[in-house]
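See below for the structure under consideration.
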Amino acid sequence: MAGYPSPVDTDDQDLLERIGQGDREAFAALYEGWAGRLVAFLTPALGATAASETAQEVLIRVWRFAHRYDRRRASPATWIFTIARNARTDRYRRMGRPEPDPTDPMWVPAPAPDPVSHSVATQRAERVRAALSEPPPKQREVMERAYLQGQSLSEIAAALEVPLGTVKSRSRLALQRLRAALADEQG
C-alpha cells in the first residue's frame, strides 16, 4: 500500500505530537523505539562511542523540537533521520577540528619579564638611542636607510646622489662611533 503510513509511522506521529506538548511518557516510548535504530544508523560513520553520544544528542533535539514536527511535510522516520544526519555532520566537523591543547606553547603566554631584566633592557635601549644620535646627520642617514629601511649601499648612493665609496665611508664611520659609544657605556 504505497503512500499510506505504516502503523509504526502512525504511532510515531502520535508520539511526536504528544512529545511536542511535553508528554514525558511519550518521549520514553519514542526513545525506546528509536535509540537502537539511531545508534545502528550512526555507528558505521562515527564508531560505537561517538554514535551512542550522537544518538543521545539526536533524541534531545527530538524532545526540544517535537512541537515543530508537521506530519503533512514528513514521516516521523524522515524527520528523525534528518536530525540524525545533521547531528552526524556536526560531529564530523567537531572531529575534524580538534580542540586546542591548552598546554601547547602557542597558547601559553610568555612569562612576564622580571623587573631586573626589564630594567636592564630599558637601559640598554636608552643607551642605543643615545648612541644613534652621536654620528653626524649624513652618517646617521646612511645608517637609518641601511638598517631601518633595508636599503643596500648602492640604493643609498643612488638615493642620496653620492658616490658608493662615500656611502661606504659614512657607514663605516657611523658604525665605529656606535661601537665606541656603546663600549664606553659598558666599560
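Letters A, B, ... go to the chains of the C-alpha cells in the order shown; residues in each chain start at 1; ligands are counted from 1 in the same order.
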Going by DSSP on the backbone, which bits of range 61-145 of chain A are alpha helix (DSSP H)? Write them as a PyMOL selection string, please.
chain A and resi 61-65+76-96+115-132+137-143
Name the residues in contact with Ser169 in chain A at a cut-off of 12 Å, using only C-alpha atoms, excluding same-chain residues fewer than 6 positions from it; report them as a PyMOL selection string.
chain A and resi 138-139+142-143+153+157+162-163+175-176
Write out as a PyMOL selection string each polymer residue whose atoms come within 10 Å of Arg64 in chain A, counting only C-alpha atoms; drop sequence neighbours fewer than 6 positions from it.
chain A and resi 19-20+22+58
Could you name the residues that touch Ser154 in chain A at 12 Å or less, counting only C-alpha atoms, but leaving out those on the same chain fewer than 4 positions away, as a PDB file with C-alpha atoms, in the first residue's frame?
```
ATOM      1  CA  VAL A 142      73.102  56.189   5.853  1.00  0.00           C
ATOM      2  CA  ARG A 145      68.437  53.821   5.353  1.00  0.00           C
ATOM      3  CA  ALA A 146      70.595  50.706   5.641  1.00  0.00           C
ATOM      4  CA  GLY A 150      66.641  47.870   4.474  1.00  0.00           C
ATOM      5  CA  ALA A 158      71.609  56.427  -5.805  1.00  0.00           C
ATOM      6  CA  ALA A 159      69.001  57.983  -3.483  1.00  0.00           C
ATOM      7  CA  LEU A 160      71.461  60.453  -1.972  1.00  0.00           C
ATOM      8  CA  GLU A 161      73.175  61.065  -5.309  1.00  0.00           C
ATOM      9  CA  VAL A 162      76.647  60.474  -3.851  1.00  0.00           C
ATOM     10  CA  PRO A 163      79.384  58.012  -4.870  1.00  0.00           C
ATOM     11  CA  LEU A 164      79.174  54.469  -3.470  1.00  0.00           C
ATOM     12  CA  GLY A 165      82.571  54.955  -1.772  1.00  0.00           C
ATOM     13  CA  THR A 166      81.172  57.938   0.150  1.00  0.00           C
ATOM     14  CA  VAL A 167      78.242  55.856   1.398  1.00  0.00           C
ATOM     15  CA  LYS A 168      80.621  53.061   2.464  1.00  0.00           C
TER      16      LYS A 168
END
```
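Between CA of Gly36 in chain A and CA of Ser52 in chain A the interatomic distance comes to 8.9 Å.
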